[in-house]
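File shown here: target_29.cif, holding mmCIF, C-alpha atoms and all ligand atoms.
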data_run
#
loop_
_atom_site.label_atom_id
_atom_site.label_comp_id
_atom_site.auth_asym_id
_atom_site.auth_seq_id
_atom_site.Cartn_x
_atom_site.Cartn_y
_atom_site.Cartn_z
CA MET A 1 -51.23 22.90 0.45
CA ASP A 2 -49.49 22.01 -2.78
CA ILE A 3 -47.36 24.78 -4.29
CA LYS A 4 -47.19 24.78 -8.06
CA LYS A 5 -46.96 28.41 -9.11
CA VAL A 6 -44.55 30.82 -7.47
CA GLY A 7 -44.65 34.59 -7.84
CA VAL A 8 -41.56 36.73 -7.26
CA ILE A 9 -41.66 40.51 -6.88
CA GLY A 10 -38.49 42.16 -8.17
CA CYS A 11 -35.92 40.65 -10.51
CA GLY A 12 -32.78 42.22 -9.02
CA THR A 13 -29.90 40.42 -7.30
CA MET A 14 -32.11 38.40 -4.95
CA GLY A 15 -35.32 38.17 -6.98
CA GLY A 16 -33.39 36.85 -9.99
CA GLY A 17 -31.68 34.23 -7.81
CA ILE A 18 -35.00 33.18 -6.25
CA VAL A 19 -36.64 32.94 -9.69
CA GLN A 20 -33.78 30.79 -11.01
CA THR A 21 -33.76 28.52 -7.95
CA CYS A 22 -37.54 27.97 -8.04
CA ALA A 23 -37.56 27.28 -11.80
CA GLN A 24 -34.62 24.87 -11.41
CA SER A 25 -36.66 23.04 -8.77
CA GLY A 26 -39.53 22.55 -11.24
CA TYR A 27 -41.88 25.40 -10.23
CA GLU A 28 -43.68 27.64 -12.68
CA VAL A 29 -42.47 31.14 -11.78
CA ARG A 30 -43.91 34.55 -12.55
CA VAL A 31 -41.67 37.54 -11.86
CA LEU A 32 -42.68 41.20 -11.65
CA GLU A 33 -40.52 44.23 -12.38
CA VAL A 34 -41.28 47.93 -12.56
CA THR A 35 -40.04 48.62 -16.09
CA GLU A 36 -39.38 46.62 -19.25
CA PRO A 37 -35.59 47.39 -19.23
CA LEU A 38 -35.28 46.22 -15.58
CA LEU A 39 -37.20 43.05 -16.36
CA ALA A 40 -35.03 42.41 -19.44
CA LYS A 41 -31.89 43.05 -17.35
CA GLY A 42 -33.02 40.62 -14.63
CA LEU A 43 -33.92 37.89 -17.11
CA ALA A 44 -30.66 38.44 -19.04
CA SER A 45 -28.73 37.95 -15.82
CA ILE A 46 -30.49 34.60 -15.21
CA ASP A 47 -29.73 33.65 -18.83
CA ARG A 48 -26.02 34.45 -18.31
CA ILE A 49 -25.79 32.38 -15.13
CA LEU A 50 -27.55 29.41 -16.73
CA ALA A 51 -25.35 29.67 -19.86
CA ASN A 52 -22.33 29.55 -17.57
CA ASN A 53 -23.75 26.44 -15.89
CA VAL A 54 -24.11 24.83 -19.35
CA LYS A 55 -20.46 25.69 -20.10
CA LYS A 56 -19.37 24.12 -16.80
CA GLY A 57 -21.39 20.97 -17.65
CA LYS A 58 -23.73 21.47 -14.65
CA ILE A 59 -26.84 21.48 -16.87
CA THR A 60 -27.59 20.63 -20.51
CA ILE A 61 -28.74 23.12 -23.16
CA GLN A 62 -32.16 21.45 -23.04
CA GLY A 63 -32.13 21.71 -19.23
CA LYS A 64 -31.44 25.45 -19.51
CA GLN A 65 -34.29 25.84 -21.98
CA ASP A 66 -36.68 23.90 -19.73
CA ILE A 67 -35.79 26.12 -16.75
CA GLN A 68 -36.32 29.28 -18.79
CA ASN A 69 -39.63 27.98 -20.20
CA ARG A 70 -40.92 27.86 -16.63
CA ILE A 71 -40.09 31.57 -16.08
CA ASN A 72 -42.58 34.20 -17.08
CA GLY A 73 -41.71 37.91 -16.70
CA THR A 74 -44.42 40.51 -16.32
CA LEU A 75 -45.03 44.16 -15.49
CA ASP A 76 -48.60 43.45 -14.35
CA ILE A 77 -49.12 42.50 -10.71
CA ASN A 78 -52.68 41.38 -11.55
CA SER A 79 -51.21 38.31 -13.24
CA PHE A 80 -50.21 37.00 -9.77
CA SER A 81 -53.80 35.94 -9.13
CA ASP A 82 -52.99 32.24 -9.76
CA CYS A 83 -49.84 32.04 -7.59
CA ASP A 84 -49.79 29.70 -4.57
CA ILE A 85 -46.97 31.64 -2.92
CA VAL A 86 -45.52 35.07 -3.69
CA ILE A 87 -42.03 36.03 -2.52
CA GLU A 88 -41.41 39.76 -2.33
CA ALA A 89 -37.78 40.66 -3.15
CA ALA A 90 -38.21 44.34 -4.01
CA THR A 91 -36.11 47.25 -2.80
CA GLU A 92 -35.50 47.31 0.98
CA LYS A 93 -37.98 50.09 1.81
CA LEU A 94 -40.88 49.47 4.17
CA ASP A 95 -43.34 51.73 2.32
CA VAL A 96 -42.57 49.95 -1.00
CA LYS A 97 -43.04 46.54 0.62
CA LYS A 98 -46.26 47.55 2.39
CA ARG A 99 -47.72 48.79 -0.91
CA ILE A 100 -46.81 45.48 -2.58
CA PHE A 101 -48.34 43.40 0.23
CA ALA A 102 -51.56 45.45 0.17
CA ALA A 103 -51.82 45.02 -3.62
CA LEU A 104 -51.10 41.28 -3.48
CA ASP A 105 -53.72 40.83 -0.77
CA LYS A 106 -56.36 42.23 -3.13
CA ILE A 107 -55.21 40.19 -6.14
CA CYS A 108 -54.30 36.76 -4.74
CA PRO A 109 -56.80 34.13 -3.53
CA PRO A 110 -57.19 33.94 0.28
CA ASN A 111 -55.01 30.83 0.63
CA THR A 112 -51.98 32.30 -1.22
CA ILE A 113 -48.98 32.64 1.08
CA LEU A 114 -47.19 36.00 1.02
CA ALA A 115 -43.49 35.95 1.91
CA THR A 116 -40.83 38.63 2.13
CA ASN A 117 -37.10 38.32 1.60
CA THR A 118 -36.39 41.44 3.67
CA SER A 119 -32.97 41.57 5.35
CA CYS A 120 -33.92 43.64 8.37
CA LEU A 121 -37.38 45.20 8.16
CA SER A 122 -40.19 44.26 10.52
CA ILE A 123 -42.33 41.57 8.86
CA ILE A 124 -45.35 42.16 11.08
CA ASP A 125 -45.56 45.67 9.59
CA MET A 126 -46.07 44.09 6.15
CA ALA A 127 -48.42 41.39 7.47
CA ILE A 128 -50.89 43.82 9.04
CA VAL A 129 -51.58 45.71 5.82
CA THR A 130 -53.11 42.45 4.51
CA GLY A 131 -56.31 40.74 5.56
CA ARG A 132 -54.36 37.50 6.00
CA PRO A 133 -51.52 38.13 8.50
CA ASP A 134 -51.56 34.40 9.40
CA LYS A 135 -50.44 33.68 5.81
CA VAL A 136 -47.44 36.04 5.92
CA LEU A 137 -43.90 34.94 6.80
CA GLY A 138 -40.27 35.75 6.06
CA LEU A 139 -38.26 33.61 3.65
CA HIS A 140 -34.77 35.10 3.90
CA PHE A 141 -32.54 33.68 1.18
CA MET A 142 -28.80 34.24 1.08
CA ASN A 143 -26.86 35.75 -1.81
CA PRO A 144 -26.23 34.17 -4.35
CA VAL A 145 -29.50 32.28 -3.91
CA PRO A 146 -28.82 29.31 -6.23
CA VAL A 147 -25.50 28.65 -4.46
CA MET A 148 -26.13 29.32 -0.77
CA ALA A 149 -27.67 26.46 1.21
CA LEU A 150 -29.26 28.48 4.00
CA LEU A 151 -32.85 29.70 4.20
CA GLU A 152 -34.03 31.58 7.29
CA ILE A 153 -37.74 31.15 7.93
CA ILE A 154 -39.17 33.95 10.02
CA ARG A 155 -42.46 33.79 11.91
CA THR A 156 -44.25 36.85 13.16
CA ILE A 157 -46.50 36.64 16.20
CA LEU A 158 -49.40 36.26 13.73
CA THR A 159 -47.94 33.66 11.33
CA GLY A 160 -50.05 30.48 11.28
CA GLU A 161 -48.65 26.98 11.88
CA GLU A 162 -49.96 25.79 8.50
CA THR A 163 -48.15 28.68 6.77
CA LEU A 164 -44.91 27.68 8.50
CA ASN A 165 -45.38 24.05 7.48
CA VAL A 166 -45.88 25.04 3.84
CA GLY A 167 -42.87 27.40 4.05
CA ARG A 168 -40.68 24.63 5.46
CA ALA A 169 -41.77 22.11 2.81
CA PHE A 170 -41.26 24.71 0.08
CA GLY A 171 -37.76 25.62 1.33
CA LEU A 172 -36.76 21.95 1.49
CA SER A 173 -38.09 21.41 -2.05
CA LEU A 174 -35.63 24.10 -3.20
CA GLY A 175 -32.80 22.09 -1.65
CA LYS A 176 -32.28 24.60 1.17
CA THR A 177 -31.34 23.94 4.78
CA ILE A 178 -33.80 25.71 7.03
CA VAL A 179 -33.30 27.61 10.25
CA GLU A 180 -36.17 29.32 12.03
CA THR A 181 -36.33 32.55 13.93
CA LYS A 182 -38.71 35.15 15.29
CA ASP A 183 -39.44 38.48 13.60
CA GLU A 184 -36.49 40.14 15.37
CA PRO A 185 -34.23 42.77 13.74
CA GLY A 186 -31.57 41.10 11.58
CA PHE A 187 -32.95 37.60 12.24
CA ILE A 188 -30.04 35.20 12.98
CA ALA A 189 -27.38 35.68 10.31
CA ASN A 190 -27.31 39.48 9.98
CA ARG A 191 -27.75 40.00 13.73
CA LEU A 192 -24.49 38.08 14.26
CA LEU A 193 -22.66 39.13 11.11
CA MET A 194 -23.11 42.91 11.35
CA PRO A 195 -21.25 43.50 14.65
CA PHE A 196 -18.43 41.34 13.26
CA ILE A 197 -18.16 43.50 10.12
CA LEU A 198 -18.49 46.76 12.11
CA ASN A 199 -15.78 45.71 14.56
CA SER A 200 -13.46 44.93 11.63
CA ILE A 201 -14.12 48.40 10.21
CA ARG A 202 -13.50 49.96 13.65
CA MET A 203 -10.23 48.05 13.90
CA LEU A 204 -9.13 49.44 10.52
CA GLU A 205 -10.39 52.94 11.36
CA ASN A 206 -8.43 52.99 14.63
CA GLY A 207 -5.23 51.88 12.90
CA PHE A 208 -5.19 48.73 15.04
CA ALA A 209 -4.39 46.54 12.01
CA SER A 210 -4.25 46.79 8.23
CA ARG A 211 -7.04 45.77 5.87
CA ASP A 212 -5.10 42.78 4.60
CA ASP A 213 -4.09 41.59 8.07
CA ILE A 214 -7.67 41.81 9.36
CA ASP A 215 -9.01 39.78 6.43
CA LYS A 216 -6.06 37.35 6.53
CA SER A 217 -6.59 36.68 10.24
CA ILE A 218 -10.17 35.65 9.70
CA LYS A 219 -9.53 33.65 6.53
CA LEU A 220 -6.51 31.75 7.77
CA GLY A 221 -7.23 31.80 11.49
CA LEU A 222 -10.93 30.95 11.42
CA ASN A 223 -11.16 29.27 8.02
CA HIS A 224 -13.76 31.70 6.67
CA PRO A 225 -13.81 31.78 2.84
CA LEU A 226 -13.55 35.59 2.94
CA GLY A 227 -12.36 38.21 5.37
CA PRO A 228 -15.02 40.56 6.84
CA LEU A 229 -13.88 43.60 4.83
CA ALA A 230 -13.95 41.70 1.53
CA LEU A 231 -17.35 40.32 2.52
CA ALA A 232 -18.66 43.82 3.28
CA ASP A 233 -17.56 44.88 -0.23
CA ILE A 234 -19.57 42.01 -1.72
CA ILE A 235 -22.69 42.75 0.33
CA GLY A 236 -22.38 46.42 -0.66
CA LEU A 237 -21.30 49.07 1.86
CA ASP A 238 -24.57 50.97 1.36
CA THR A 239 -26.48 47.79 2.18
CA VAL A 240 -24.35 47.17 5.28
CA TYR A 241 -24.93 50.78 6.35
CA PHE A 242 -28.66 50.47 5.73
CA ILE A 243 -28.95 47.22 7.69
CA VAL A 244 -26.91 48.40 10.69
CA SER A 245 -28.79 51.71 10.80
CA ALA A 246 -32.11 49.80 10.88
CA LEU A 247 -30.77 47.49 13.60
CA TYR A 248 -29.47 50.42 15.64
CA ASP A 249 -32.78 52.33 15.28
CA GLU A 250 -34.68 49.32 16.55
CA LEU A 251 -32.31 48.02 19.24
CA LYS A 252 -30.35 51.13 20.35
CA ASP A 253 -27.46 48.75 20.93
CA PRO A 254 -24.09 50.52 20.32
CA GLN A 255 -22.60 47.43 18.69
CA TYR A 256 -24.82 48.25 15.65
CA ALA A 257 -23.77 51.93 15.49
CA SER A 258 -22.03 52.66 12.20
CA PRO A 259 -18.36 53.65 12.39
CA THR A 260 -17.71 57.06 10.81
CA MET A 261 -15.50 55.39 8.21
CA LEU A 262 -18.40 53.36 6.83
CA LYS A 263 -20.66 56.40 6.66
CA LYS A 264 -18.01 58.45 4.82
CA MET A 265 -17.27 55.65 2.34
CA VAL A 266 -20.96 55.35 1.47
CA ALA A 267 -21.20 59.14 1.06
CA ALA A 268 -18.24 58.99 -1.35
CA ASN A 269 -20.05 56.26 -3.32
CA TRP A 270 -17.41 53.71 -2.34
CA LEU A 271 -19.95 50.94 -2.17
CA GLY A 272 -17.72 47.89 -2.71
CA ARG A 273 -17.78 45.64 -5.75
CA LYS A 274 -20.81 47.23 -7.36
CA SER A 275 -19.19 50.68 -7.59
CA GLY A 276 -15.64 49.48 -8.31
CA LYS A 277 -14.22 50.61 -4.95
CA GLY A 278 -14.80 49.79 -1.32
CA PHE A 279 -12.15 48.43 1.03
CA TYR A 280 -10.64 46.94 -2.15
CA GLU A 281 -10.63 48.10 -5.79
CA TYR A 282 -12.49 46.20 -8.51
CA GLU A 283 -13.11 46.39 -12.20
CA LYS A 284 -16.36 48.28 -12.50
CA MET A 285 -19.34 45.97 -13.03
CA VAL A 286 -21.59 46.77 -16.01
N1 LIG B 1 -28.44 41.65 -1.76
C1 LIG B 1 -28.34 40.79 -0.74
O1 LIG B 1 -27.26 40.26 -0.42
C2 LIG B 1 -29.59 40.40 0.02
C3 LIG B 1 -29.58 39.24 0.79
C4 LIG B 1 -30.74 38.84 1.44
C5 LIG B 1 -31.89 39.62 1.34
N2 LIG B 1 -31.87 40.77 0.59
C6 LIG B 1 -33.13 41.52 0.49
O2 LIG B 1 -33.75 41.19 -0.76
C7 LIG B 1 -34.50 42.31 -1.24
C8 LIG B 1 -34.01 42.67 -2.63
O3 LIG B 1 -32.65 43.02 -2.55
P1 LIG B 1 -31.72 43.02 -3.84
O4 LIG B 1 -30.33 43.01 -3.34
O5 LIG B 1 -32.18 41.98 -4.80
O6 LIG B 1 -32.07 44.46 -4.43
P2 LIG B 1 -31.98 44.92 -5.95
O7 LIG B 1 -31.96 46.40 -5.92
O8 LIG B 1 -30.89 44.21 -6.67
O9 LIG B 1 -33.37 44.43 -6.57
C9 LIG B 1 -34.61 44.93 -6.19
C10 LIG B 1 -35.49 44.95 -7.43
O10 LIG B 1 -36.84 45.19 -7.04
C11 LIG B 1 -37.43 45.95 -8.05
N3 LIG B 1 -38.62 46.61 -7.51
C12 LIG B 1 -38.69 47.66 -6.68
N4 LIG B 1 -39.99 47.97 -6.44
C13 LIG B 1 -40.73 47.07 -7.12
C14 LIG B 1 -42.12 46.87 -7.29
N5 LIG B 1 -43.02 47.66 -6.69
N6 LIG B 1 -42.54 45.84 -8.08
C15 LIG B 1 -41.64 45.04 -8.68
N7 LIG B 1 -40.30 45.19 -8.58
C16 LIG B 1 -39.86 46.19 -7.81
C17 LIG B 1 -36.35 46.95 -8.47
O11 LIG B 1 -36.61 47.46 -9.75
C18 LIG B 1 -35.10 46.06 -8.42
O12 LIG B 1 -34.80 45.48 -9.67
C19 LIG B 1 -34.32 43.42 -0.21
O13 LIG B 1 -35.39 43.37 0.70
C20 LIG B 1 -33.00 43.04 0.47
O14 LIG B 1 -32.90 43.55 1.78
C21 LIG B 1 -30.76 41.17 -0.08
#
Give the structure from the file, written as structure tokens.
Amino acid sequence: MDIKKVGVIGCGTMGGGIVQTCAQSGYEVRVLEVTEPLLAKGLASIDRILANNVKKGKITIQGKQDIQNRINGTLDINSFSDCDIVIEAATEKLDVKKRIFAALDKICPPNTILATNTSCLSIIDMAIVTGRPDKVLGLHFMNPVPVMALLEIIRTILTGEETLNVGRAFGLSLGKTIVETKDEPGFIANRLLMPFILNSIRMLENGFASRDDIDKSIKLGLNHPLGPLALADIIGLDTVYFIVSALYDELKDPQYASPTMLKKMVAANWLGRKSGKGFYEYEKMV
């Protein structure tokens, strides 16, 4: 199957990055948002990133224009009827995602592949609301999508071999390196990363070591670009809390149980970079 038109649901942090990456790779992309201001905000963010790339000499002004000409924003899900693949990158709520998959199943031709970028929700639960569960898979991009090389491809017990082959070819065409995993909570990266972040928070909470020494140990001792606490601030502490709670609910494994400190910080709206304060302080993002 030859993919020409890509649909993306949601133009937030991840959807915007997926839209940009697909358009940069030559695909026609249609992106859906829930309101005009959110769509305008998402497209403006792509415009800012591309303008920055022009400034840095990574692309030309014409190149930027060509990329943007391939992007088409919409508020009407019915316009996804000509997409060969649709990647859902909406809010991480199972009921929202199930509604989107059910709607897409009615609108898209039977051979359209439906993918989700979920971080931790069960993909089979989305697949079974459609009449084409063999055409549903996970394409889990990393943040920021245009920069990060990894793409996790997730197969449910109902995903077809042909769907996986198309997913692999599509991921490679975006310049991504692919790893494959089953529809297991957290897939590979988050399943391994979350206990690491939670243990760092527990270490801080117990007064075992200071914030800076924890992050310094990992940066300088293990050559990670960021320490785990700084990384948690970037991911968003609410997102970390949401992911670990979902993993704990599913696995009942105490290594995914949230430390009290994380819970309290989220309650206080200390969400990391996006709120101006997490383990570190930041200038508030607008
Ligand atoms: N942020 C990350 O680091 C990261 C990394 C990998 C995967 N993910 C996953 O990607 C998905 C999106 O996360 P995000 O960080 O971009 O969230 P976000 O809040 O930045 O963006 C989600 C967007 O989806 C839109 N949306 C919600 N319902 C919609 C609908 N019915 N139709 C169209 N648009 C709709 C919202 O208006 C919002 O703009 C989630 O499933 C998340 O778990 C996030």
**Expected answer as a list in words: residues within 7 Å of ligand LIG 1 (chain B), only C-alpha atoms and all ligand atoms** =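 So, counting only C-alpha atoms and all ligand atoms, the residues near ligand LIG 1 (chain B) are Ile9, Gly10, Cys11, Gly12, Thr13, Met14, Gly15, Leu32, Glu33, Val34, Leu38, Ala89, Ala90, Thr91, Glu92, Val96, Ile100, Asn117, Thr118, Ser119, Cys120, His140, Phe141, Met142, Asn143 and Ile235 of chain A.
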**Item:** Point-to-point distance in Å for atom CA of Ala257 of chain A and atom CA of Arg99 of chain A
**Value:**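 Here the two named atoms are 29.2 Å from each other.
Distances from A:Val6, A:Val54, A:Leu75, A:Ile59 to Glu36 of chain A were compared using only C-alpha atoms, and the smallest one belongs to A:Leu75.
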**Prompt:** Using all atoms listed in the file, which of the listed residues (A:Gly26, A:Gly175, A:Pro144, A:Gly227) sits closest to Ile67 of chain A?
**Reply:**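 Ranked by minimum distance to Ile67 of chain A, first place goes to A:Gly26.
Between atom CA of Lys135 of chain A and atom CA of Ala115 of chain A lies a distance of 8.3 Å.
Using all atoms listed in the file, the nearest neighbour of Glu205 of chain A within the list A:Phe80, A:Phe101, A:Phe279, A:Trp270 is A:Phe279.
Nearest-residue note for Ser79 of chain A: choosing from A:Pro37, A:Gly42, A:Gly7, A:Pro110, the minimum distance belongs to A:Gly7, counting only C-alpha atoms.
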**Item:** Closest of A:Ser81, A:Asn111, A:Arg273, A:Asp183 to Met126 of chain A - atom-to-atom distances counting all atoms listed in the file
**Value:**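 Among A:Ser81, A:Asn111, A:Arg273, A:Asp183, it is A:Asp183 that comes nearest to Met126 of chain A.
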**Request:** Would you kindly return, as a ChimeraX atom specification, each protein, DNA or RNA residue with an atom no farther than 9 Å from any atom of Met194 of chain A, considering all atoms listed in the file and excluding same-chain residues fewer than 4 positions away?
**Result:** /A:186,189-190,198-199,240,243-244,255-256
**Message:** Could you list, as a list in words, every residue within 7 Å of Leu114 of chain A, counting all atoms listed in the file and ignoring same-chain residues fewer than 2 positions away?
**Reply:**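 Near neighbours after the sequence-gap exclusion: Ile85, Val86, Ile87, Thr112, Thr116, Lys135, Val136 and Leu137 of chain A.
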**Prompt:** Do you have the atom CA of Leu174 of chain A-atom CA of Ala103 of chain A distance handy?
**Reply:**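 So the two atoms, atom CA of Leu174 of chain A and atom CA of Ala103 of chain A, lie 26.5 Å apart.
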**Best match for closeness to Val179 of chain A among A:Asp76, A:Asp95, A:Glu152, A:Asp213, counting only C-alpha atoms** = A:Glu152
Within 10 Å of (-50.2, 24.7, -3.3), in the coordinates the file gives, what residues turn up when you count only C-alpha atoms, written out as an mmCIF file with C-alpha atoms, in the coordinates of the input?
data_model
loop_
_atom_site.group_PDB
_atom_site.id
_atom_site.type_symbol
_atom_site.label_atom_id
_atom_site.label_comp_id
_atom_site.auth_asym_id
_atom_site.auth_seq_id
_atom_site.Cartn_x
_atom_site.Cartn_y
_atom_site.Cartn_z
ATOM 1 C CA MET A 1 -51.230 22.900 0.450
ATOM 2 C CA ASP A 2 -49.490 22.010 -2.780
ATOM 3 C CA ILE A 3 -47.360 24.780 -4.290
ATOM 4 C CA LYS A 4 -47.190 24.780 -8.060
ATOM 5 C CA LYS A 5 -46.960 28.410 -9.110
ATOM 6 C CA VAL A 6 -44.550 30.820 -7.470
ATOM 7 C CA CYS A 83 -49.840 32.040 -7.590
ATOM 8 C CA ASP A 84 -49.790 29.700 -4.570
ATOM 9 C CA ILE A 85 -46.970 31.640 -2.920
ATOM 10 C CA ASN A 111 -55.010 30.830 0.630
ATOM 11 C CA THR A 112 -51.980 32.300 -1.220
ATOM 12 C CA ILE A 113 -48.980 32.640 1.080
ATOM 13 C CA VAL A 166 -45.880 25.040 3.840
ATOM 14 C CA PHE A 170 -41.260 24.710 0.080
#
**Item:** Surrounding residues of Thr60 of chain A excluding itself and chain neighbours under 6 positions, 10 Å, only C-alpha atoms, as a PyMOL selection string
**Value:** chain A and resi 50-51+53-54+66
**Prompt:** Near Ile71 of chain A, within 10 Å and counting only C-alpha atoms, which residues show up once chain neighbours fewer than 4 positions away are dropped, as a ChimeraX atom specification?
**Reply:** /A:6-7,19-20,22-24,27-31,43,66-67
**Item:** segment 200-204 of chain A surroundings by only C-alpha atoms, 10 Å radius, close-in-sequence under 2 positions cut, as an NGL selection string
**Value:** :A and (194-198 or 206-215 or 227-229 or 232 or 258-262 or 279)
Output segment 87-108 of chain A with N, CA and C atoms present, as a compact mmCIF listing (two decimals), in the frame of the given file.
# COMPACT_ATOMS: atom_id res chain seq x y z
N ILE A 87 -43.20 35.62 -3.32
CA ILE A 87 -42.03 36.03 -2.52
C ILE A 87 -41.63 37.44 -2.95
N GLU A 88 -41.73 38.36 -2.02
CA GLU A 88 -41.41 39.76 -2.33
C GLU A 88 -39.90 39.96 -2.13
N ALA A 89 -39.23 40.38 -3.21
CA ALA A 89 -37.78 40.66 -3.15
C ALA A 89 -37.52 42.01 -3.81
N ALA A 90 -38.36 42.98 -3.45
CA ALA A 90 -38.21 44.34 -4.01
C ALA A 90 -37.25 45.13 -3.12
N THR A 91 -37.02 46.35 -3.51
CA THR A 91 -36.11 47.25 -2.80
C THR A 91 -36.42 47.28 -1.29
N GLU A 92 -35.35 47.38 -0.49
CA GLU A 92 -35.50 47.31 0.98
C GLU A 92 -36.05 48.63 1.54
N LYS A 93 -37.33 48.90 1.26
CA LYS A 93 -37.98 50.09 1.81
C LYS A 93 -39.35 49.65 2.30
N LEU A 94 -39.64 49.97 3.56
CA LEU A 94 -40.88 49.47 4.17
C LEU A 94 -42.12 49.96 3.42
N ASP A 95 -42.12 51.24 2.99
CA ASP A 95 -43.34 51.73 2.32
C ASP A 95 -43.56 51.01 0.99
N VAL A 96 -42.46 50.71 0.27
CA VAL A 96 -42.57 49.95 -1.00
C VAL A 96 -43.14 48.57 -0.72
N LYS A 97 -42.61 47.92 0.30
CA LYS A 97 -43.04 46.54 0.62
C LYS A 97 -44.49 46.52 1.10
N LYS A 98 -44.88 47.51 1.90
CA LYS A 98 -46.26 47.55 2.39
C LYS A 98 -47.23 47.73 1.22
N ARG A 99 -46.85 48.59 0.27
CA ARG A 99 -47.72 48.79 -0.91
C ARG A 99 -47.87 47.49 -1.70
N ILE A 100 -46.77 46.75 -1.83
CA ILE A 100 -46.81 45.48 -2.58
C ILE A 100 -47.69 44.46 -1.86
N PHE A 101 -47.54 44.37 -0.54
CA PHE A 101 -48.34 43.40 0.23
C PHE A 101 -49.84 43.75 0.15
N ALA A 102 -50.15 45.04 0.24
CA ALA A 102 -51.56 45.45 0.17
C ALA A 102 -52.13 45.11 -1.21
N ALA A 103 -51.35 45.33 -2.26
CA ALA A 103 -51.82 45.02 -3.62
C ALA A 103 -52.00 43.52 -3.79
N LEU A 104 -51.02 42.74 -3.33
CA LEU A 104 -51.10 41.28 -3.48
C LEU A 104 -52.32 40.72 -2.73
N ASP A 105 -52.59 41.31 -1.58
CA ASP A 105 -53.72 40.83 -0.77
C ASP A 105 -55.03 40.97 -1.53
N LYS A 106 -55.12 42.01 -2.35
CA LYS A 106 -56.36 42.23 -3.13
C LYS A 106 -56.43 41.27 -4.31
N ILE A 107 -55.25 40.94 -4.88
CA ILE A 107 -55.21 40.19 -6.14
C ILE A 107 -55.22 38.67 -5.93
N CYS A 108 -54.51 38.21 -4.90
CA CYS A 108 -54.30 36.76 -4.74
C CYS A 108 -55.46 36.12 -3.97
